[in-house]
Each structure stands twice: as C-alpha cells, then as structure tokens.
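Trainee: Supplied in structure tokens, the structure appears directly below.
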Amino acid sequence: MNKKLFDFIEKSPTPFHAVANVCESLEEKGYLELCESGKWDLEKGKGYYVTRNGSSVIAFRIPEGDFSGFMMTASHCDSPCFKIKENAELAEKYYVRLSTEKYGGMLCSTWLDRPLAVAGRITVRTEKGISVRLVDTKKPCTVIPNVAIHMNRNANDNMSYNPAVDMLPLFAEGEGKGSFRKLIAETAGCEEKDILTTDLVVYNPQRGTEWNGFISAPRLDDLQCAFGALEAFITAKKAENLPVYCLFDNEEVGSQTKQGAASTFLAAVIERISEGLGLSSGEHYAKVANSFLLSCDNAHAVHPNHPEYQDRNHAVYMNKGIVIKYNANQRYTSDAVSAAIFGLVCEEAGVPFQRYANRADMPGGSTLGNIANTQVSLNTVDIGLPQLAMHSSYETAGAKDTEYYVKALACFYGKTLSMENDGEYRFI
Ligand code: ZN
C-alpha cells in the first residue's frame with residue numbers, strides 16, 4: 001500500500017496532476033467523465049466524475065436501486081510550495097533566479113539546499129482559443145541555497161526567512177537568461193511563442209521511503225488521505241447509499257476559490273445528481289439529512305522531541321490508528337453524534353482510532369469540513385492520519401496507517417445511514 005502511495009505522490013506534484021491521476025484511476029475502473037458545462041444523463045449502476053479548474057474532482061456512483069443518502073469523503077490535493085510568478089526570471093549578470101511567492105504556510109528551512117523540480121499547467125494558443133497542458137520537469141532544475149554559517153553566525157538561532165530575499169530559487173548561470181520558458185515549452189512539447197500563461201510551482205521531487213515502521217515523503221498532507229480515500233471509494237462494497245469522493249484544491253490558502261471546499265462545487269454536483277434521478281427538492285434535502293461527510297486531513301502526532309505541544313489527554317501517535325479531531329470553536333466539525341458514528345465504523349472495520357484536540361492555548365490549524373458545511377450542511381466528522389513535520393517539504397507518518405485508513409473508509413462507504421429523529425441514526 002505504501003509503495004502505491006509513493007507512486008501516487010510522485011505522480012502528483014501539483015493539484016492538476018493529482019486530479020489527472022485520480023481521473024485516470026477512475027477511467028480504468030469504467031467511470032465516465034461529465035463536464036460541468038454539459039448535460040448530464042445519469043444511469044443507474046454507473047460511476048461518474050467531474051472536475052473543476054482541473055484541480056478539484058468529485059466522483060460518485062449511482063446505485064441500482066433507491067438510496068438513503070450520500071456517503072462522502074473529502075480531502076485536499078494542494079500543499080505548500082513556491083508559486084512561480086508569470087514573469088518568471090530574475091536575470092542578473094551571473095545568476096538567473098526564479099521569481100516566486102509562497103503558496104500556503106510552509107516550513108521554509110526544509111526547502112533549502114535540496115534539488116527542486118518545476119510542475120504545473122500552462123495555457124497554449126489554439127486556432128480559436130486556448131488549451132491546457134500539464135507540465136512536470138520531473139528532474140531537479142533549481143535549488144534554494146542557504147547562506148554559509150560563516151556568513152550568518154545566527155543561522156541556528158531563531159532564523160527568519162524573507163520570501164522575497166532568502167527563498168528565491170537559483171535556476172541558471174547568467175548566460176542561461178531566457179532558458180526557463182524554453183525548458184517549459186520543451187517539457188510541454190509546444191512552441192515557446194504559443195505559451196500564453198502559466199500556473200507553475202517549485203516542488204520537491206524526492207521519492208517517498210519506508211523505514212523502521214515509518215514513511216517519509218513529500219505532500220503526505222494531504223495526498224495520503226486523498227490516495228487512501230480513492231482506494232476505499234473504488235473497492236468498497238455496494239450499499240443502499242450513493243458514494244461520493246471529493247478532492248479539493250486550495251485548502252492551504254483557505255478554500256475560498258471557485259474550486260475550493262468553500263465553493264459551490266459539491267452542492268452543485270449533488271443537486272444535479274438528485275435532479276438527474278428525478279428527485280424533488282424536498283426529496284433531495286431528505287437525502288442530505290441522511291448523508292455523512294468524512295473530512296479527511298492529516299493530524300499532528302506527538303513530536304518525539306517536543307511532547308509538550310500536545311494536549312496530554314488527547315495525544316495521538318503514528319501507527320496507533322485514525323485520528324478523530326475535536327475543536328470547541330468548530331474548526332473541526334466532529335461532535336458527539338458524528339464522532340460516535342465514525343467510531344462505530346472503525347469498530348466494525350477492526351481499525352484502531354484515537355482522539356485529538358489542540359492544547360487549549362494553541363489555536364491549531366483548520367481544514368475542509370467546517371468550510372464545506374457552509375455550502376452543503378450535513379453530519380461531518382474531521383479525521384486524519386497522524387504525522388510529523390506537517391508542511392515540511394518532506395513529512396513523516398506511520399507505515400501502518402494508510403492501510404488502516406483504507407480499511408475504515410471502505411467500511412464507511414459500504415454503510416447506509418438513516419436519521420430516525422434529529423440526532424438519532426440507524427446505521428446499517
Ligand atoms: Zn492538510
């Protein structure tokens with residue numbers, strides 16, 4: 001399972017690539033592509049997927065018979081990186097650097113002194129408009145160099161990194177001026193003059209590795225959850241529900257984009273499913289009330305050198321099971337009802353789970369569930385896999401956890417939920 005995860009991560013340097021990989025896996029299993037701008041003719045027993053901006057995707061299966069509600073998972077495919085600005089080259093006499101800005105909140109030091117590659121999408125001119133191409137240099141082509149300790153004696157004390165000064169990647173020698181766009185055109189297999197615009201980032205191409213019970217890889221947050229949920233979605237047994245798999249872009253920058261979890265994407269898709277199946281608006285909302293969302297995003301395992309950052313009573317460890325996350329201010333959606341339902345899923349799947357809450361004096365991060373709930377409001381639980389060094393360019397997690405997660409989520413997709421009274425559910 002971890003080897004498959006590393007393959008997925010390696011092929012997914014950007015959300016555009018992650019979505020393309022997910023679509024490829026779905027195609028292989030017979031899922032049919034829908035376009036948001038087209039008409040949807042949905043047939044019972046068939047599976048479909050639809051993308052938005054090429055960087056978010058929602059897949060679903062229409063059951064043969066009637067269904068109780070939507071059983072959904074959501075994870076995110078973006079991760080902190082350096083976005084390359086449109087005028088990419090900062091060319092001087094001896095050096096060409098890339099003009100970049102931060103995307104998301106990364107641990108800057110982990111990006112220094114390691115070979116980095118470039119990937120993303122570009123638009124190219126066609127006869128009557130534009131088309132999109134994905135680009136991935138795969139091979140390293142840039143490095144963000146540290147300043148030697150001899151020139152910065154404070155490098156090991158409270159270092160701060162100015163993104164406009166310290167974090168600019170070195171791309172080429174002075175003579176290499178103009179070669180960045182050439183490299184991109186070559187990689188994309190197009191003429192340089194046909195490139196109109198770019199969405200490119202600098203990323204870490206190092207492959208994942210398993211060691212002594214742990215795994216280390218780039219982008220585990222949140223591709224570990226994205227990959228595992230897809231495995232579960234594809235392999236789950238059929239039930240009287242309508243399974244939905246969501247993968248969203250832009251979580252790292254707050255999700256408030258046309259394709260993020262705060263967008264209309266999910267609401268529009270499930271409305272169109274109900275409409276396509278001939279359900280009235282009342283029937284649609286009854287289905288939503290019988291629905292459930294797993295908001296899946298990695299969690300903070302106890303740090304071996306800094307156990308003091310955890311709430312002592314809610315400390316979670318790698319390889320000790322799936323994490324249910326709680327927050328009084330509802331940055332995490334888990335409550336007594338939704339956590340109870342997910343706990344039952346884990347119990348049935350034979351998978352351990354643990355409970356996490358931030359220390360009361362540490363605000364922690366936020367995630368997808370509460371944001372998605374502003375568009376489609378339903379029972380939701382925030383879960384994730386415990387990991388170290390979140391937002392490092394190379395993160396660490398438990399070697400057993402991906403498999404636990406796939407098992408639990410496959411079990412979840414195979415369940416049917418029905419609300420008996422507000423807050424009381426039958427779960428078959
Ligand atoms: Zn995340």
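Chain labels run A, B, ... following the order of the structure tokens; each chain numbers its residues from 1, and ligands are numbered from 1 in the order shown.
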With only C-alpha atoms and all ligand atoms counted and 7 Å as the cut-off, give the residues of chain A in contact with ligand 1, each with its shortest interatomic distance in Å and the pair that gives it, as a Markdown table.
Mentor:
| residue | atom | partner | partner_atom_place_in_ligand_line | distance |
| --- | --- | --- | --- | --- |
| A:His76 | CA | ligand 1 | 1 (Zn) | 6.6 |
| A:Asp221 | CA | ligand 1 | 1 (Zn) | 4.7 |
| A:Asp222 | CA | ligand 1 | 1 (Zn) | 4.8 |
| A:Glu251 | CA | ligand 1 | 1 (Zn) | 6.9 |
| A:Glu252 | CA | ligand 1 | 1 (Zn) | 6.9 |
| A:Asp297 | CA | ligand 1 | 1 (Zn) | 4.8 |
| A:Asn298 | CA | ligand 1 | 1 (Zn) | 5.7 |
| A:Thr367 | CA | ligand 1 | 1 (Zn) | 6.5 |
Trainee: Once you have the residues from the selection above, write them out as a PDB file, in the first residue's frame, restricted to C-alpha atoms.
Mentor:
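Okay, out_21.pdb is ready:
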ATOM      1  CA  HIS A  76      -7.289  18.149  -0.419  1.00  0.00           C
ATOM      2  CA  ASP A 221      -0.606  16.241   3.954  1.00  0.00           C
ATOM      3  CA  ASP A 222      -2.962  15.571   2.296  1.00  0.00           C
ATOM      4  CA  GLU A 251      -7.195  24.137   1.287  1.00  0.00           C
ATOM      5  CA  GLU A 252      -3.785  25.547   2.176  1.00  0.00           C
ATOM      6  CA  ASP A 297      -6.844  15.777   6.552  1.00  0.00           C
ATOM      7  CA  ASN A 298      -3.717  14.724   8.367  1.00  0.00           C
ATOM      8  CA  THR A 367      -9.412  22.102   7.454  1.00  0.00           C
TER       9      THR A 367
END
Trainee: For the contact check between segment 68-144 of chain A and segment 205-220 of chain A, emit one row per residue of segment 68-144 of chain A within 7 Å, containing the shortest atom pair and the distance in Å rounded to one decimal, counting only C-alpha atoms, chain then rising number order, as a tab-separated table.
Mentor:
residue	atom	partner	partner_atom	distance
A:Ser79	CA	A:Arg219	CA	6.1
A:Leu116	CA	A:Pro205	CA	6.3
A:Ala117	CA	A:Pro205	CA	6.1
A:Lys138	CA	A:Pro205	CA	6.6
Trainee: Give me the residues near Ala410 of chain A as a ChimeraX atom specification, where near means some atom within 9 Å (using only C-alpha atoms) and where sequence neighbours in that chain fewer than 4 positions away do not count.
Mentor: /A:229,231-237,349,405-406,414
Trainee: Taking 5 positions as the minimum chain separation for residues in the same chain, which residues sit within 6 Å of segment 258-265 of chain A when counting only C-alpha atoms? Answer as a JSON list (two decimals) with N, CA and C atoms, in the first residue's frame.
Mentor:
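Output (part38.json):
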[["chain", "number", "residue", "atom", "x", "y", "z"],
["A", 52, "ARG", "N", -13.33, 20.46, -11.72],
["A", 52, "ARG", "CA", -13.49, 21.91, -11.84],
["A", 52, "ARG", "C", -12.09, 22.54, -11.80],
["A", 56, "SER", "N", -9.75, 20.28, -8.91],
["A", 56, "SER", "CA", -10.63, 19.62, -7.94],
["A", 56, "SER", "C", -11.45, 18.59, -8.71],
["A", 248, "PHE", "N", -10.37, 18.38, -3.15],
["A", 248, "PHE", "CA", -10.43, 19.83, -3.35],
["A", 248, "PHE", "C", -9.04, 20.47, -3.41],
["A", 249, "ASP", "N", -8.94, 21.49, -4.22],
["A", 249, "ASP", "CA", -7.75, 22.34, -4.29],
["A", 249, "ASP", "C", -7.89, 23.46, -3.24],
["A", 250, "ASN", "N", -6.80, 24.16, -3.01],
["A", 250, "ASN", "CA", -6.78, 25.43, -2.27],
["A", 250, "ASN", "C", -7.11, 25.37, -0.78],
["A", 371, "ILE", "N", -15.75, 24.26, 6.44],
["A", 371, "ILE", "CA", -15.88, 25.15, 5.28],
["A", 371, "ILE", "C", -16.89, 24.58, 4.29],
["A", 372, "ALA", "N", -16.77, 23.28, 4.00],
["A", 372, "ALA", "CA", -17.70, 22.63, 3.07],
["A", 372, "ALA", "C", -19.13, 22.69, 3.62]]
Trainee: Compile the contact shell of Lys102 of chain A as a PyMOL selection string: residues with an atom at most 12 Å away, counting only C-alpha atoms, same-chain residues fewer than 2 positions apart removed.
Mentor: chain A and resi 79-85+99-100+104-108+111+161-169+201-203+252-253
Trainee: Which is closer to His314 of chain A than all the others in A:Cys190, A:Ala360, A:Ala148, A:Leu293, using only C-alpha atoms?
Mentor: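 Of all the options, A:Ala360 lies closest to His314 of chain A.
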Trainee: Hey, which of A:Ile62, A:Leu134, A:Ile270, A:Leu409 ends up closest to Val288 of chain A? Count only C-alpha atoms.
Mentor: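 Among A:Ile62, A:Leu134, A:Ile270, A:Leu409, it is A:Ile270 that comes nearest to Val288 of chain A.
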Trainee: Please provide as a PyMOL selection string all residues within 9 Å of Gly178 of chain A, with the sequence filter that same-chain residues fewer than 5 positions apart are discarded (counting only C-alpha atoms).
Mentor: chain A and resi 89+91+96
Trainee: Would you save the residues from that selection as an mmCIF file, in the first residue's frame, using all heavy atoms?
Mentor:
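What follows is the written file again-v3.cif:
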data_model
loop_
_atom_site.group_PDB
_atom_site.id
_atom_site.type_symbol
_atom_site.label_atom_id
_atom_site.label_comp_id
_atom_site.auth_asym_id
_atom_site.auth_seq_id
_atom_site.Cartn_x
_atom_site.Cartn_y
_atom_site.Cartn_z
ATOM 1 N N GLU A 89 11.670 34.916 -14.660
ATOM 2 C CA GLU A 89 13.121 35.013 -14.481
ATOM 3 C C GLU A 89 13.560 36.325 -13.836
ATOM 4 O O GLU A 89 13.138 37.401 -14.250
ATOM 5 C CB GLU A 89 13.822 34.878 -15.841
ATOM 6 C CG GLU A 89 13.823 33.463 -16.354
ATOM 7 C CD GLU A 89 14.713 33.308 -17.571
ATOM 8 O OE1 GLU A 89 15.472 34.249 -17.902
ATOM 9 O OE2 GLU A 89 14.639 32.229 -18.201
ATOM 10 N N ALA A 91 16.842 37.825 -13.885
ATOM 11 C CA ALA A 91 18.142 37.598 -14.514
ATOM 12 C C ALA A 91 19.123 38.706 -14.165
ATOM 13 O O ALA A 91 18.812 39.893 -14.285
ATOM 14 C CB ALA A 91 17.964 37.501 -16.022
ATOM 15 N N VAL A 96 20.639 33.477 -12.797
ATOM 16 C CA VAL A 96 19.211 33.635 -13.092
ATOM 17 C C VAL A 96 18.467 32.956 -11.951
ATOM 18 O O VAL A 96 18.657 31.764 -11.689
ATOM 19 C CB VAL A 96 18.821 32.965 -14.430
ATOM 20 C CG1 VAL A 96 17.319 33.109 -14.669
ATOM 21 C CG2 VAL A 96 19.604 33.566 -15.577
#
Trainee: Which distance in Å separates atom CA of Thr73 of chain A and atom CA of Asn373 of chain A, to one decimal?
Mentor: 12.7 Å
Trainee: How far is it from atom CA of Cys141 of chain A to atom CA of Leu183 of chain A, in Å with one decimal?
Mentor: 9.6 Å
Trainee: Which residue, A:Leu90, A:Val376, A:Cys77, A:Ala397, has the smallest gap to Glu173 of chain A when you use only C-alpha atoms?
Mentor: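 Of A:Leu90, A:Val376, A:Cys77, A:Ala397, the one nearest Glu173 of chain A, counting only C-alpha atoms, is A:Leu90.
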